[in-house]
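input.txt (compact mmCIF, C-alpha atoms) appears below.
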```txt
# COMPACT_ATOMS: atom_id res chain seq x y z
CA MET U 22 -3.40 -13.27 -15.50
CA HIS U 23 -0.01 -13.23 -13.79
CA SER U 24 2.87 -14.17 -16.10
CA ILE U 25 5.05 -16.82 -14.50
CA PRO U 26 8.65 -15.60 -14.24
CA PHE U 27 11.03 -18.02 -15.90
CA SER U 28 14.73 -17.87 -16.75
CA PRO U 29 15.67 -19.82 -19.91
CA VAL U 30 19.34 -19.39 -19.01
CA ALA U 31 18.83 -20.89 -15.55
CA ALA U 32 16.87 -23.81 -17.04
CA ARG U 33 19.57 -24.58 -19.60
CA SER U 34 22.26 -24.31 -16.94
CA ALA U 35 20.39 -26.61 -14.54
CA ARG U 36 19.85 -29.25 -17.24
CA ALA U 37 23.49 -29.08 -18.30
CA ARG U 38 24.58 -29.49 -14.70
CA MET U 39 22.47 -32.66 -14.44
CA GLY U 40 23.80 -33.97 -17.78
CA LEU U 41 20.30 -34.63 -19.14
CA THR U 42 18.92 -34.32 -22.63
CA ALA U 43 15.62 -32.55 -23.27
CA ALA U 44 14.06 -35.95 -23.96
CA GLN U 45 15.24 -37.28 -20.61
CA VAL U 46 13.84 -34.24 -18.83
CA ALA U 47 10.50 -34.66 -20.57
CA HIS U 48 10.41 -38.36 -19.66
CA ALA U 49 11.23 -37.67 -16.02
CA MET U 50 8.52 -34.99 -15.86
CA GLY U 51 6.05 -37.53 -17.21
CA VAL U 52 7.04 -39.94 -14.47
CA CYS U 53 6.35 -37.12 -12.00
CA GLY U 54 2.83 -36.84 -13.41
CA THR U 55 3.40 -33.84 -15.67
CA PRO U 56 3.95 -35.17 -19.20
CA VAL U 57 5.47 -32.76 -21.75
CA HIS U 58 7.10 -33.10 -25.18
CA PRO U 59 10.88 -32.66 -25.43
CA ASP U 60 10.30 -29.84 -27.91
CA LEU U 61 8.44 -27.93 -25.19
CA VAL U 62 11.39 -28.30 -22.84
CA LEU U 63 13.62 -26.78 -25.53
CA ALA U 64 11.05 -24.04 -26.15
CA TRP U 65 11.25 -23.07 -22.47
CA GLU U 66 15.04 -22.93 -22.69
CA GLN U 67 14.84 -20.80 -25.84
CA GLY U 68 12.40 -18.39 -24.23
CA SER U 69 9.60 -18.89 -26.75
CA HIS U 70 7.31 -20.55 -24.20
CA VAL U 71 6.85 -20.35 -20.42
CA PRO U 72 5.90 -23.34 -18.25
CA SER U 73 2.72 -23.42 -16.21
CA ASP U 74 3.05 -23.46 -12.45
CA ARG U 75 2.72 -27.26 -12.30
CA GLN U 76 5.26 -27.67 -15.09
CA LEU U 77 7.62 -25.30 -13.26
CA PHE U 78 7.39 -27.37 -10.08
CA ALA U 79 7.90 -30.66 -11.92
CA LEU U 80 10.87 -29.26 -13.85
CA ALA U 81 12.45 -28.08 -10.60
CA ASP U 82 12.05 -31.56 -9.14
CA VAL U 83 13.64 -33.19 -12.19
CA LEU U 84 16.53 -30.73 -12.25
CA TRP U 85 17.04 -30.89 -8.49
CA CYS U 86 16.78 -27.17 -7.88
CA GLY U 87 14.41 -24.71 -6.27
CA ALA U 88 11.54 -23.19 -8.20
CA GLU U 89 12.99 -19.75 -7.49
CA THR U 90 16.19 -20.80 -9.30
CA LEU U 91 14.25 -21.47 -12.49
CA MET U 92 12.21 -18.30 -11.96
CA GLY U 93 15.42 -16.30 -12.05
CA VAL U 94 14.10 -13.64 -9.67
CA GLU U 95 14.02 -12.95 -5.96
CA PRO U 96 10.33 -13.28 -5.01
CA ARG U 97 8.74 -9.86 -4.65
CA THR U 98 5.06 -10.29 -5.42
CA LEU U 99 2.44 -12.51 -3.83
CA ALA U 100 2.41 -14.73 -6.91
CA GLU U 101 6.20 -15.10 -6.94
CA HIS U 102 6.30 -16.05 -3.27
CA ARG U 103 3.61 -18.66 -3.94
CA LEU U 104 5.55 -20.11 -6.86
CA ALA U 105 8.75 -20.21 -4.81
CA ARG U 106 6.88 -22.34 -2.26
CA ARG U 107 5.63 -24.62 -5.07
CA LEU U 108 1.98 -23.93 -4.43
CA THR U 109 -0.69 -23.72 -7.11
CA VAL U 110 -3.47 -21.16 -6.81
CA GLU U 111 -5.91 -23.94 -5.99
CA ARG U 112 -3.68 -25.40 -3.30
CA ILE U 113 -2.99 -22.18 -1.46
CA ALA U 114 -6.63 -21.09 -1.77
CA TYR U 115 -7.64 -24.36 -0.12
CA ARG U 116 -5.10 -23.89 2.67
CA ILE U 117 -6.32 -20.41 3.53
CA GLY U 118 -10.03 -21.09 3.06
CA MET U 119 -10.58 -18.78 0.09
CA ASP U 120 -12.25 -19.26 -3.28
CA PRO U 121 -9.51 -19.79 -5.93
CA THR U 122 -11.02 -17.17 -8.22
CA ARG U 123 -10.91 -14.59 -5.45
CA TYR U 124 -7.33 -15.51 -4.57
CA ARG U 125 -6.24 -15.35 -8.21
CA ALA U 126 -7.75 -11.86 -8.44
CA ALA U 127 -5.79 -10.81 -5.32
CA GLU U 128 -2.55 -11.82 -7.04
CA ALA U 129 -3.47 -10.16 -10.32
CA GLU U 130 -4.59 -6.90 -8.70
CA ARG U 131 -1.93 -7.05 -5.97
CA ARG U 132 -4.63 -6.22 -3.48
CA TRP U 133 -5.28 -8.36 -0.41
CA ASP U 134 -8.67 -8.31 1.33
CA GLY U 135 -8.66 -11.60 3.21
CA ASP U 136 -9.92 -11.69 6.78
CA ALA U 137 -7.61 -12.01 9.78
CA TRP U 138 -7.60 -15.82 9.76
CA GLN U 139 -6.95 -16.01 6.03
CA THR U 140 -4.16 -13.46 6.30
CA ARG U 141 -2.38 -15.34 9.04
CA ALA U 142 -2.85 -18.61 7.14
CA LEU U 143 -1.36 -16.95 4.06
CA VAL U 144 1.79 -15.71 5.77
CA GLU U 145 2.19 -19.14 7.33
CA ALA U 146 1.87 -20.88 3.96
CA LEU U 147 4.29 -18.53 2.22
CA GLY U 148 6.81 -18.38 5.05
CA LEU U 149 6.37 -14.63 5.33
CA SER U 150 5.56 -12.30 8.21
CA LEU U 151 2.71 -9.86 8.61
CA ARG U 152 5.22 -7.06 8.15
CA GLY U 153 6.50 -8.68 4.95
CA LEU U 154 3.00 -9.13 3.56
CA ILE U 155 2.21 -5.44 4.05
CA GLY U 156 5.26 -4.58 1.98
CA ILE U 157 4.42 -7.06 -0.76
CA MET U 158 0.88 -5.75 -1.08
CA GLY U 159 2.07 -2.15 -1.32
CA ARG U 160 0.34 -0.82 1.79
CA VAL U 161 3.41 0.64 3.50
CA ASP U 162 2.64 4.19 2.36
CA GLU U 163 -0.95 3.85 3.57
CA LEU U 164 0.30 2.63 6.94
CA ALA U 165 2.83 5.48 7.15
CA GLU U 166 0.11 8.05 6.48
CA HIS U 167 -2.01 6.72 9.35
CA LEU U 168 1.01 6.67 11.65
CA ARG U 169 1.92 10.27 10.85
CA SER U 170 -1.62 11.39 11.61
CA ALA U 171 -1.70 9.31 14.79
CA VAL U 172 1.48 10.68 16.34
CA ASP U 173 0.57 14.27 15.56
CA GLY U 174 -3.14 14.11 16.36
CA ARG U 175 -5.81 11.84 17.83
CA TRP U 176 -4.06 8.48 17.88
CA LYS U 177 -7.14 6.55 19.04
CA ALA U 178 -8.93 7.34 15.77
CA HIS U 179 -6.27 5.42 13.87
CA VAL U 180 -6.22 2.22 15.91
CA GLU U 181 -8.86 0.38 13.86
CA PRO U 182 -7.57 1.50 10.41
CA VAL U 183 -4.02 0.50 11.32
CA ALA U 184 -5.16 -2.82 12.82
CA GLU U 185 -7.02 -3.56 9.58
CA ILE U 186 -3.92 -2.92 7.49
CA VAL U 187 -1.43 -4.88 9.60
CA VAL U 188 -3.82 -7.59 10.85
CA VAL U 189 -2.52 -7.25 14.39
CA ASP U 190 -4.68 -7.21 17.52
CA ALA U 191 -6.17 -3.76 18.10
CA THR U 192 -4.90 -3.73 21.69
CA SER U 193 -1.30 -4.18 20.50
CA VAL U 194 -1.78 -1.50 17.85
CA GLY U 195 -3.27 0.88 20.42
CA ASP U 196 -0.36 0.35 22.79
CA ALA U 197 2.11 1.11 19.99
CA LEU U 198 0.27 4.24 18.81
CA ARG U 199 -0.08 5.58 22.34
CA THR U 200 3.65 5.15 22.91
CA MET U 201 4.52 6.80 19.59
CA HIS U 202 2.16 9.69 20.26
CA ALA U 203 3.83 10.33 23.64
CA GLU U 204 7.33 10.07 22.13
CA PHE U 205 6.45 12.53 19.38
CA ALA U 206 4.91 14.96 21.87
CA GLU U 207 8.27 15.13 23.67
CA PHE U 208 9.84 16.75 20.61
CA SER U 209 7.32 19.61 20.75
CA GLU U 210 7.81 20.01 24.49
CA ARG U 211 11.59 20.13 24.15
CA TYR U 212 11.41 22.54 21.22
CA MET U 213 9.08 24.92 23.06
CA GLY U 214 11.23 24.65 26.18
CA HIS U 215 14.33 25.75 24.27
CA LEU U 216 12.34 28.47 22.52
CA VAL U 217 10.98 29.93 25.77
CA ALA U 218 14.42 29.74 27.38
CA ARG U 219 15.84 31.49 24.31
CA ASN U 220 18.48 28.83 23.88
CA ALA U 221 20.85 28.83 20.92
CA ASP U 222 19.51 28.12 17.46
CA ALA U 223 21.74 25.05 17.37
CA ARG U 224 19.65 23.38 20.08
CA LEU U 225 16.43 24.17 18.21
CA LYS U 226 17.87 22.75 15.00
CA GLU U 227 19.02 19.65 16.86
CA VAL U 228 15.52 18.94 18.18
CA ALA U 229 14.02 19.63 14.75
CA ALA U 230 16.46 17.18 13.15
CA GLU U 231 15.62 14.49 15.71
CA ARG U 232 11.92 15.05 15.02
CA ALA U 233 12.43 14.68 11.27
CA ALA U 234 14.46 11.51 11.78
CA TYR U 235 11.72 10.09 13.98
CA LEU U 236 9.11 10.72 11.28
CA ARG U 237 11.26 9.00 8.66
CA ARG U 238 11.37 5.85 10.80
CA LEU U 239 7.70 5.76 11.76
CA VAL U 240 6.89 2.47 10.04
CA ASP U 241 10.04 0.71 11.26
CA HIS U 242 9.51 1.98 14.79
CA PHE U 243 5.88 0.85 14.73
CA TRP U 244 6.93 -2.71 13.90
CA GLU U 245 9.64 -2.57 16.56
CA LEU U 246 6.96 -1.76 19.14
CA ILE U 247 4.67 -4.50 17.80
CA GLY U 248 7.56 -6.94 18.18
CA GLU U 249 7.36 -10.65 17.39
CA GLU U 250 3.72 -10.48 16.38
CA GLY U 251 4.73 -8.57 13.27
CA ASP U 252 8.08 -10.19 12.51
CA ALA U 253 6.98 -13.80 12.94
CA ALA U 254 4.34 -15.65 10.98
CA PRO U 255 1.90 -16.03 13.88
CA PHE U 256 -0.88 -18.56 13.67
CA PRO U 257 -3.06 -19.46 16.65
CA ALA U 258 -2.99 -23.07 17.74
CA GLY U 259 -6.14 -25.04 17.12
CA GLY U 260 -6.88 -23.59 13.65
CA ARG U 261 -9.94 -21.69 12.65
```
Do you think you could lay out the structure here as structure tokens?
Amino acid sequence: MHSIPFSPVAARSARARMGLTAAQVAHAMGVCGTPVHPDLVLAWEQGSHVPSDRQLFALADVLWCGAETLMGVEPRTLAEHRLARRLTVERIAYRIGMDPTRYRAAEAERRWDGDAWQTRALVEALGLSLRGLIGIMGRVDELAEHLRSAVDGRWKAHVEPVAEIVVVDATSVGDALRTMHAEFAEFSERYMGHLVARNADARLKEVAAERAAYLRRLVDHFWELIGEEGDAAPFPAGGR
């Protein structure tokens, strides 16, 4: 199970800023529908206990701060982004049309296998982008490998695998891969042209350096070609 990030220092600081005692915090949380004992509030601040997600959200409300403030971290994982948006597993699973157990497993394993609709609903709920989700789920290297093979080989064979990873329309992916394949081919043509013309080694090294730089930016360039569809959190009107 994912361990909820929590900063005892941030919690103590937030309570001190509000001028509240632990008992007052506990009472206010009870009014919010999440009753706790004052000793538990102190245990959180001492680092011996960690609040549940619902307790974290209620504490943030009482202390007038964001959940991410009490978490003490910049959201990096799927679970942390969910907590920062004050969503329980059950709530987000309902919003994206997925069984809570399956969603919880996705967070724990850091592996996303939702369908296209669920993926777009997820990025909408978390305020992310498709590009951001790919990074969070650790599939950037997988995407880069497909892109390298596509630009230096049969790009059409990689349209479907890439579309599955990025959850972008296959037509848009195909357009991007075709463009990248043509751009990469120009490096080979220029290199061979200089070689046949017996130009200076400096020109050959220049083309080789440009080619290497292009390969290093494959993923970024891919998303640039995809455009708003990857950088926004697209969600078709009308729902599922």
### Spatial neighbours of Ala171 of chain U, 12 Å, all atoms listed in the file, chain gap at least 6 places, as a ChimeraX atom specification
/U:164-165,177-183,194-195,197-206,236,239-240,243
#### Entry: From U:Met39, U:Ala100, U:Val83, U:Val228, residue lying nearest Gly54 of chain U [all atoms listed in the file]
U:Val83
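Our summary of the geometry notes that atom CA of Glu163 of chain U is positioned 17.8 Å from atom CA of Thr98 of chain U.
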### Message
List the spatial neighbours of Phe27 of chain U as a PyMOL selection string - criterion: any atom at most 7 Å away, all atoms listed in the file, same-chain residues fewer than 2 positions off excluded.
### Response
chain U and resi 25+29+71+91-93
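Counting only C-alpha atoms, the residue from U:Glu101, U:Pro59, U:Leu151, U:Glu210 that sits nearest to Ala184 of chain U is U:Leu151.
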Residues within 10 Å of Val161 of chain U, please, as a tab-separated table (two decimals) with C-alpha atoms, keeping the file's coordinate frame. Count all atoms listed in the file; anything in the same chain fewer than 6 positions from it doesn't count.
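Listed below is the output, selection-v8.tsv:
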```tsv
chain	number	residue	atom	x	y	z
U	152	ARG	CA	5.22	-7.06	8.15
U	153	GLY	CA	6.50	-8.68	4.95
U	154	LEU	CA	3.00	-9.13	3.56
U	155	ILE	CA	2.21	-5.44	4.05
U	186	ILE	CA	-3.92	-2.92	7.49
U	187	VAL	CA	-1.43	-4.88	9.60
U	240	VAL	CA	6.89	2.47	10.04
```
### Message
Just the number, please: distance in Å from atom CA of Leu108 of chain U to atom CA of Asp74 of chain U, one decimal.
### Response
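Here the two named atoms are 8.1 Å from each other.
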#### Entry: Test item: residues at most 9 Å from Ala137 of chain U, only C-alpha atoms, excluding those fewer than 6 positions along its chain, as a list in words
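So, after excluding close chain neighbours, the residues are Glu185, Val188 and Val189 of chain U.
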### Message
Using Å and a single decimal, report how far atom CA of Ala105 of chain U sits from atom CA of Glu145 of chain U.
### Response
13.8 Å
### Message
Every residue with an atom at most 12 Å from (-8.0, -15.1, -4.5) (file coordinates; only C-alpha atoms) is what I'm after, so could you write them as a PyMOL selection string?
### Response
chain U and resi 99-100+109-136+139-140+143
### Message
Restricting the calculation to all atoms listed in the file: of U:Trp65, U:Ala47, U:Ala191, U:Arg175, which residue gets closest to Arg33 of chain U?
### Response
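Checking each of U:Trp65, U:Ala47, U:Ala191, U:Arg175 against Arg33 of chain U, counting all atoms listed in the file, the winner is U:Trp65.
Considering the residues U:Asp190, U:Arg97, U:His58, U:Val46 and counting all atoms listed in the file, Gly156 of chain U has its shortest atom-to-atom contact with U:Arg97.
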